[in-house]
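Note sheet for the following structure.
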Amino acid sequence: MGKRSMPETSEQAGPHRPVLLDEVLAAFAPLDGKRIVDGTFGAGGYSRALLEAGATVIGIDRDPSVQPFADALAAEFGNRFIFVPGTFSELDTLAAAHAPIDGVVLDIGVSSMQLDQAERGFSFMRDGPLDMRMSGAGESAADLVNGLETEQLANLLYAFGEERKSRRIAQFITAAREIAPIQSTLELARIIEKAIGRKPGDAHPATRSFQALRIAVNAEFEQLVGALFAAERLLGEGGRLVVVSFHSLEDRIVKRFLDPDKGGPAQSRHLPQVVGEPRRWVEVAKARKAGAAELGRNPRARSAILRAATRSAIEARPVSLSGLSVPKVREA
């Protein structure tokens, strides 16, 4: 299976619409009186719907640009909405003062709001600085594109973007930056298109490379793993975790976290059976995707996958990448 990636849209795409919203609400129902952590607040789409359904919501986000959306919800819903700036990998610490918590929802990856802001540098369809930092701190995509050795860059594009033509792309990038540093999104997109071409009907040739750079800049896989274990620490027995992801690399991590047996080797019936660890998550629901009606309203929903599970009474595990199939960049 190839990766799934949130598609980009035109400038006329309209306002941000949270994907699989009905399914998210159903996973927590009934919501009246419950306390839910929205660990990826964004434009507040999930938070608003949860609040309207009667929940109290603690919103968390590391992107400073979401503050106006948080302020609007606080003004409308009063003390039923609390916003805490920070990374969702620390959601248990950030939400501790508002416990007990009944559920956690995570919408993984870049939001349509970020894609639509050219100045953020996430989009290969809109010209802007080659940035991609969700928090505005640390190394930017331009730092990686202009600073990594050719083989290091190729390995990053392959591991985080599943880009099969990563070496050719890296070679073209290296050649281009010898003339002048690569500073803009459209400049990089043109270099990638020149390197591997573009067939009618196919996704934009820069899709996978931009995904890889964004994941690397924001340490997204490490953040995701941290958030999953933080939710496991935060939620008590009966608490619900709902995760919406947008490509197979993320979804595989979530699936194996909720059901560790999915990541283990098959056991031979001729050998003594290995007893697995006690299950921290039960009632693990089958993956859900958007239906035809939602796809008609919101093309970005086509790549979304929702997984949900209920917390058991077994104490939380220590953080470990073992068995989660977290992609690693091969050393040059």
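All residue names refer to the structure tokens as shown: chains lettered A, B, ... in order, residues numbered from 1 in each chain, ligands numbered from 1 in order.
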Show me, as a PyMOL selection string, the residues that have an atom within 12 Å of stretch 74-80 of chain A when counting only C-alpha atoms, minus same-chain residues fewer than 2 positions from it. chain A and resi 32-37+44+47-59+67-72+82-84+98
Env of A:Gly226: 8 Å cut, atoms = only C-alpha atoms, seq-sep filter 6 positions within chain, self excluded. Answer as a PyMOL selection string. chain A and resi 88-90+319
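If only C-alpha atoms are the atoms counted, then among A:Arg297, A:Arg256, A:Arg307, A:Arg208 the closest residue to A:Val243 is A:Arg307.
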Applying 12 Å and only C-alpha atoms, which residues near A:Ala176 remain after dropping the ones on its own chain fewer than 4 positions away? List them as an MDAnalysis selection string. chainID A and resid 145:146 150 169:172 180:183 187:188 190:192 194:195
Apply DSSP to the structure's backbone, then extract all residues of stretch 63-181 of chain A labelled strand (DSSP E) and return them as a list of chain:residue names. A:Phe81, A:Ile82, A:Phe83, A:Val84, A:Pro85, A:Gly103, A:Val104, A:Val105, A:Leu106, A:Asp107
Any chance you can output those residues with all heavy atoms as a PDB file, in the first residue's frame?
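This went into again-v5.pdb:
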```pdb
ATOM      1  N   PHE A  81     -14.394  25.763  28.043  1.00  0.00           N
ATOM      2  CA  PHE A  81     -13.278  25.624  27.109  1.00  0.00           C
ATOM      3  C   PHE A  81     -12.022  26.234  27.717  1.00  0.00           C
ATOM      4  O   PHE A  81     -12.013  27.376  28.163  1.00  0.00           O
ATOM      5  CB  PHE A  81     -13.561  26.314  25.764  1.00  0.00           C
ATOM      6  CG  PHE A  81     -12.378  26.260  24.834  1.00  0.00           C
ATOM      7  CD1 PHE A  81     -12.028  25.072  24.213  1.00  0.00           C
ATOM      8  CD2 PHE A  81     -11.582  27.380  24.620  1.00  0.00           C
ATOM      9  CE1 PHE A  81     -10.916  25.004  23.387  1.00  0.00           C
ATOM     10  CE2 PHE A  81     -10.476  27.324  23.787  1.00  0.00           C
ATOM     11  CZ  PHE A  81     -10.145  26.126  23.166  1.00  0.00           C
ATOM     12  N   ILE A  82     -10.965  25.438  27.753  1.00  0.00           N
ATOM     13  CA  ILE A  82      -9.665  25.883  28.269  1.00  0.00           C
ATOM     14  C   ILE A  82      -8.623  25.625  27.184  1.00  0.00           C
ATOM     15  O   ILE A  82      -8.561  24.517  26.629  1.00  0.00           O
ATOM     16  CB  ILE A  82      -9.261  25.117  29.548  1.00  0.00           C
ATOM     17  CG1 ILE A  82     -10.329  25.264  30.635  1.00  0.00           C
ATOM     18  CG2 ILE A  82      -7.909  25.581  30.049  1.00  0.00           C
ATOM     19  CD1 ILE A  82     -11.243  24.064  30.756  1.00  0.00           C
ATOM     20  N   PHE A  83      -7.819  26.626  26.872  1.00  0.00           N
ATOM     21  CA  PHE A  83      -6.738  26.439  25.895  1.00  0.00           C
ATOM     22  C   PHE A  83      -5.395  26.462  26.607  1.00  0.00           C
ATOM     23  O   PHE A  83      -5.126  27.342  27.428  1.00  0.00           O
ATOM     24  CB  PHE A  83      -6.761  27.532  24.823  1.00  0.00           C
ATOM     25  CG  PHE A  83      -5.656  27.357  23.802  1.00  0.00           C
ATOM     26  CD1 PHE A  83      -5.727  26.342  22.860  1.00  0.00           C
ATOM     27  CD2 PHE A  83      -4.548  28.197  23.806  1.00  0.00           C
ATOM     28  CE1 PHE A  83      -4.705  26.168  21.931  1.00  0.00           C
ATOM     29  CE2 PHE A  83      -3.533  28.028  22.884  1.00  0.00           C
ATOM     30  CZ  PHE A  83      -3.613  27.012  21.942  1.00  0.00           C
ATOM     31  N   VAL A  84      -4.540  25.476  26.286  1.00  0.00           N
ATOM     32  CA  VAL A  84      -3.209  25.377  26.873  1.00  0.00           C
ATOM     33  C   VAL A  84      -2.197  25.263  25.735  1.00  0.00           C
ATOM     34  O   VAL A  84      -2.206  24.267  25.000  1.00  0.00           O
ATOM     35  CB  VAL A  84      -3.090  24.152  27.798  1.00  0.00           C
ATOM     36  CG1 VAL A  84      -1.740  24.164  28.506  1.00  0.00           C
ATOM     37  CG2 VAL A  84      -4.225  24.104  28.801  1.00  0.00           C
ATOM     38  N   PRO A  85      -1.340  26.261  25.532  1.00  0.00           N
ATOM     39  CA  PRO A  85      -0.330  26.143  24.483  1.00  0.00           C
ATOM     40  C   PRO A  85       0.727  25.099  24.839  1.00  0.00           C
ATOM     41  O   PRO A  85       1.148  25.003  25.992  1.00  0.00           O
ATOM     42  CB  PRO A  85       0.277  27.553  24.422  1.00  0.00           C
ATOM     43  CG  PRO A  85       0.012  28.149  25.757  1.00  0.00           C
ATOM     44  CD  PRO A  85      -1.267  27.546  26.253  1.00  0.00           C
ATOM     45  N   GLY A 103     -11.628  11.615  27.642  1.00  0.00           N
ATOM     46  CA  GLY A 103     -11.252  11.247  26.282  1.00  0.00           C
ATOM     47  C   GLY A 103     -10.207  12.166  25.710  1.00  0.00           C
ATOM     48  O   GLY A 103     -10.014  13.296  26.181  1.00  0.00           O
ATOM     49  N   VAL A 104      -9.513  11.668  24.685  1.00  0.00           N
ATOM     50  CA  VAL A 104      -8.499  12.440  23.965  1.00  0.00           C
ATOM     51  C   VAL A 104      -8.741  12.244  22.470  1.00  0.00           C
ATOM     52  O   VAL A 104      -8.933  11.117  22.000  1.00  0.00           O
ATOM     53  CB  VAL A 104      -7.070  11.960  24.318  1.00  0.00           C
ATOM     54  CG1 VAL A 104      -6.039  12.653  23.417  1.00  0.00           C
ATOM     55  CG2 VAL A 104      -6.765  12.216  25.789  1.00  0.00           C
ATOM     56  N   VAL A 105      -8.744  13.339  21.729  1.00  0.00           N
ATOM     57  CA  VAL A 105      -8.830  13.268  20.281  1.00  0.00           C
ATOM     58  C   VAL A 105      -7.588  13.913  19.678  1.00  0.00           C
ATOM     59  O   VAL A 105      -7.141  14.969  20.139  1.00  0.00           O
ATOM     60  CB  VAL A 105     -10.114  13.936  19.733  1.00  0.00           C
ATOM     61  CG1 VAL A 105     -10.190  15.417  20.104  1.00  0.00           C
ATOM     62  CG2 VAL A 105     -10.213  13.744  18.225  1.00  0.00           C
ATOM     63  N   LEU A 106      -7.013  13.249  18.658  1.00  0.00           N
ATOM     64  CA  LEU A 106      -5.822  13.734  17.975  1.00  0.00           C
ATOM     65  C   LEU A 106      -6.071  13.708  16.475  1.00  0.00           C
ATOM     66  O   LEU A 106      -6.492  12.687  15.924  1.00  0.00           O
ATOM     67  CB  LEU A 106      -4.610  12.849  18.298  1.00  0.00           C
ATOM     68  CG  LEU A 106      -4.240  12.678  19.772  1.00  0.00           C
ATOM     69  CD1 LEU A 106      -3.134  11.637  19.922  1.00  0.00           C
ATOM     70  CD2 LEU A 106      -3.821  13.999  20.377  1.00  0.00           C
ATOM     71  N   ASP A 107      -5.796  14.819  15.814  1.00  0.00           N
ATOM     72  CA  ASP A 107      -5.889  14.935  14.356  1.00  0.00           C
ATOM     73  C   ASP A 107      -4.464  15.178  13.877  1.00  0.00           C
ATOM     74  O   ASP A 107      -3.915  16.266  14.046  1.00  0.00           O
ATOM     75  CB  ASP A 107      -6.821  16.098  14.001  1.00  0.00           C
ATOM     76  CG  ASP A 107      -6.979  16.303  12.507  1.00  0.00           C
ATOM     77  OD1 ASP A 107      -6.308  15.605  11.733  1.00  0.00           O
ATOM     78  OD2 ASP A 107      -7.764  17.176  12.110  1.00  0.00           O
TER      79      ASP A 107
END
```
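Ranking A:Ile108, A:Val242, A:Ala308, A:Ala97 by their shortest atom-to-atom distance to A:Phe221, with only C-alpha atoms included, puts A:Ile108 first.
Comparing A:Leu144, A:Val326, A:Met134, A:Val19 by their smallest distance to A:Arg300, the closest is A:Val19 (using only C-alpha atoms).
Nearest residue to A:Phe257 among A:Leu241, A:Ala313, A:Leu324, A:Arg280 is A:Leu324, counting only C-alpha atoms.
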Env of A:Gly161: 6 Å cut, atoms = only C-alpha atoms, seq-sep filter 2 positions within chain, self excluded. Answer as a PDB file with all heavy atoms, in the first residue's frame.
```
ATOM      1  N   LEU A 157      14.118  11.831   2.456  1.00  0.00           N
ATOM      2  CA  LEU A 157      12.952  11.827   1.570  1.00  0.00           C
ATOM      3  C   LEU A 157      12.373  10.428   1.412  1.00  0.00           C
ATOM      4  O   LEU A 157      11.151  10.248   1.315  1.00  0.00           O
ATOM      5  CB  LEU A 157      13.332  12.387   0.196  1.00  0.00           C
ATOM      6  CG  LEU A 157      13.834  13.833   0.167  1.00  0.00           C
ATOM      7  CD1 LEU A 157      14.160  14.249  -1.260  1.00  0.00           C
ATOM      8  CD2 LEU A 157      12.825  14.786   0.785  1.00  0.00           C
ATOM      9  N   TYR A 158      13.239   9.428   1.421  1.00  0.00           N
ATOM     10  CA  TYR A 158      12.774   8.047   1.271  1.00  0.00           C
ATOM     11  C   TYR A 158      12.089   7.553   2.543  1.00  0.00           C
ATOM     12  O   TYR A 158      11.013   6.945   2.488  1.00  0.00           O
ATOM     13  CB  TYR A 158      13.957   7.135   0.928  1.00  0.00           C
ATOM     14  CG  TYR A 158      13.551   5.698   0.721  1.00  0.00           C
ATOM     15  CD1 TYR A 158      12.989   5.295  -0.492  1.00  0.00           C
ATOM     16  CD2 TYR A 158      13.712   4.754   1.721  1.00  0.00           C
ATOM     17  CE1 TYR A 158      12.600   3.969  -0.690  1.00  0.00           C
ATOM     18  CE2 TYR A 158      13.323   3.436   1.540  1.00  0.00           C
ATOM     19  CZ  TYR A 158      12.765   3.049   0.331  1.00  0.00           C
ATOM     20  OH  TYR A 158      12.376   1.746   0.146  1.00  0.00           O
ATOM     21  N   ALA A 159      12.701   7.811   3.693  1.00  0.00           N
ATOM     22  CA  ALA A 159      12.169   7.278   4.957  1.00  0.00           C
ATOM     23  C   ALA A 159      10.870   7.941   5.370  1.00  0.00           C
ATOM     24  O   ALA A 159       9.932   7.268   5.805  1.00  0.00           O
ATOM     25  CB  ALA A 159      13.212   7.436   6.063  1.00  0.00           C
ATOM     26  N   GLU A 163       9.451   8.262  -0.863  1.00  0.00           N
ATOM     27  CA  GLU A 163       9.734   8.756  -2.199  1.00  0.00           C
ATOM     28  C   GLU A 163      10.765   7.842  -2.869  1.00  0.00           C
ATOM     29  O   GLU A 163      11.934   7.834  -2.515  1.00  0.00           O
ATOM     30  CB  GLU A 163      10.250  10.195  -2.139  1.00  0.00           C
ATOM     31  CG  GLU A 163      10.682  10.776  -3.480  1.00  0.00           C
ATOM     32  CD  GLU A 163       9.612  10.650  -4.546  1.00  0.00           C
ATOM     33  OE1 GLU A 163       8.624  11.413  -4.485  1.00  0.00           O
ATOM     34  OE2 GLU A 163       9.779   9.782  -5.429  1.00  0.00           O
ATOM     35  N   ARG A 208       5.336  13.960  -1.897  1.00  0.00           N
ATOM     36  CA  ARG A 208       6.037  13.099  -0.952  1.00  0.00           C
ATOM     37  C   ARG A 208       7.234  13.814  -0.321  1.00  0.00           C
ATOM     38  O   ARG A 208       7.512  13.653   0.865  1.00  0.00           O
ATOM     39  CB  ARG A 208       6.480  11.812  -1.638  1.00  0.00           C
ATOM     40  CG  ARG A 208       5.326  10.950  -2.129  1.00  0.00           C
ATOM     41  CD  ARG A 208       5.836   9.789  -2.984  1.00  0.00           C
ATOM     42  NE  ARG A 208       4.738   9.022  -3.560  1.00  0.00           N
ATOM     43  CZ  ARG A 208       4.325   7.839  -3.115  1.00  0.00           C
ATOM     44  NH1 ARG A 208       4.919   7.283  -2.082  1.00  0.00           N
ATOM     45  NH2 ARG A 208       3.322   7.207  -3.696  1.00  0.00           N
ATOM     46  N   SER A 209       7.951  14.582  -1.110  1.00  0.00           N
ATOM     47  CA  SER A 209       9.125  15.282  -0.586  1.00  0.00           C
ATOM     48  C   SER A 209       8.737  16.346   0.426  1.00  0.00           C
ATOM     49  O   SER A 209       9.390  16.508   1.467  1.00  0.00           O
ATOM     50  CB  SER A 209       9.920  15.919  -1.737  1.00  0.00           C
ATOM     51  OG  SER A 209      10.427  14.929  -2.605  1.00  0.00           O
ATOM     52  N   GLN A 211       6.043  16.305   2.248  1.00  0.00           N
ATOM     53  CA  GLN A 211       5.621  15.571   3.443  1.00  0.00           C
ATOM     54  C   GLN A 211       6.831  15.185   4.284  1.00  0.00           C
ATOM     55  O   GLN A 211       6.842  15.353   5.509  1.00  0.00           O
ATOM     56  CB  GLN A 211       4.870  14.304   3.046  1.00  0.00           C
ATOM     57  CG  GLN A 211       4.587  13.367   4.215  1.00  0.00           C
ATOM     58  CD  GLN A 211       4.108  12.000   3.766  1.00  0.00           C
ATOM     59  OE1 GLN A 211       3.062  11.897   3.150  1.00  0.00           O
ATOM     60  NE2 GLN A 211       4.868  10.962   4.071  1.00  0.00           N
ATOM     61  N   ALA A 212       7.854  14.652   3.634  1.00  0.00           N
ATOM     62  CA  ALA A 212       9.040  14.194   4.355  1.00  0.00           C
ATOM     63  C   ALA A 212       9.727  15.338   5.090  1.00  0.00           C
ATOM     64  O   ALA A 212      10.134  15.197   6.254  1.00  0.00           O
ATOM     65  CB  ALA A 212      10.016  13.530   3.384  1.00  0.00           C
TER      66      ALA A 212
END
```
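Contact shell of stretch 21-23 of chain A at 10 Å (only C-alpha atoms; same-chain neighbours under 4 positions omitted): Arg17, Ala27, Phe28, Ala29, Gly45, Tyr46, Ala49, Leu50, Val242, Val244, Arg288, Lys289, Ala290, Glu294, Leu306, Arg307 and Ala308 of chain A.
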Preceding selection exported with N, CA and C atoms as a short mmCIF file (atom, residue, chain, number, x, y, z; two decimals), in the first residue's frame:
```cif
data_model
loop_
_atom_site.label_atom_id
_atom_site.label_comp_id
_atom_site.auth_asym_id
_atom_site.auth_seq_id
_atom_site.Cartn_x
_atom_site.Cartn_y
_atom_site.Cartn_z
N ARG A 17 -12.54 22.48 7.40
CA ARG A 17 -13.64 21.62 7.83
C ARG A 17 -13.02 20.37 8.44
N ALA A 27 -17.69 8.36 18.53
CA ALA A 27 -16.73 7.58 19.30
C ALA A 27 -16.73 7.97 20.77
N PHE A 28 -17.12 9.21 21.08
CA PHE A 28 -17.15 9.69 22.47
C PHE A 28 -18.56 9.69 23.08
N ALA A 29 -19.57 9.46 22.27
CA ALA A 29 -20.96 9.60 22.73
C ALA A 29 -21.28 8.65 23.89
N GLY A 45 -12.16 23.10 15.04
CA GLY A 45 -13.34 22.43 14.51
C GLY A 45 -13.86 21.32 15.40
N TYR A 46 -13.00 20.42 15.83
CA TYR A 46 -13.43 19.36 16.73
C TYR A 46 -13.86 19.94 18.07
N ALA A 49 -17.41 21.38 17.98
CA ALA A 49 -18.45 20.35 17.91
C ALA A 49 -18.59 19.62 19.24
N LEU A 50 -17.48 19.36 19.92
CA LEU A 50 -17.52 18.69 21.21
C LEU A 50 -18.22 19.58 22.25
N VAL A 242 -9.25 8.73 20.42
CA VAL A 242 -9.65 8.77 19.02
C VAL A 242 -8.55 9.47 18.24
N VAL A 244 -7.19 10.53 14.28
CA VAL A 244 -7.39 10.66 12.84
C VAL A 244 -6.03 10.92 12.21
N ARG A 288 -11.98 3.55 10.39
CA ARG A 288 -13.09 4.20 9.69
C ARG A 288 -12.54 5.21 8.68
N LYS A 289 -13.24 5.30 7.53
CA LYS A 289 -12.89 6.28 6.51
C LYS A 289 -14.12 7.10 6.16
N ALA A 290 -13.88 8.20 5.48
CA ALA A 290 -14.99 9.08 5.12
C ALA A 290 -15.90 8.42 4.10
N GLU A 294 -19.33 12.86 2.66
CA GLU A 294 -18.28 13.75 3.14
C GLU A 294 -17.23 14.00 2.08
N LEU A 306 -9.67 6.95 10.79
CA LEU A 306 -9.95 7.12 12.22
C LEU A 306 -9.83 5.77 12.92
N ARG A 307 -9.12 5.79 14.04
CA ARG A 307 -9.03 4.62 14.92
C ARG A 307 -9.39 5.07 16.33
N ALA A 308 -10.09 4.21 17.05
CA ALA A 308 -10.52 4.53 18.40
C ALA A 308 -10.40 3.30 19.29
#
```
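The coordinates place atom CA of A:Ser123 at 9.1 Å from atom CA of A:Thr207.
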Give me the residues near stretch 258-260 of chain A as an MDAnalysis selection string, where near means some atom within 9 Å (using only C-alpha atoms) and where sequence neighbours in that chain fewer than 5 positions away do not count. chainID A and resid 228 253 276:277 279:282 284 307:309 323:324
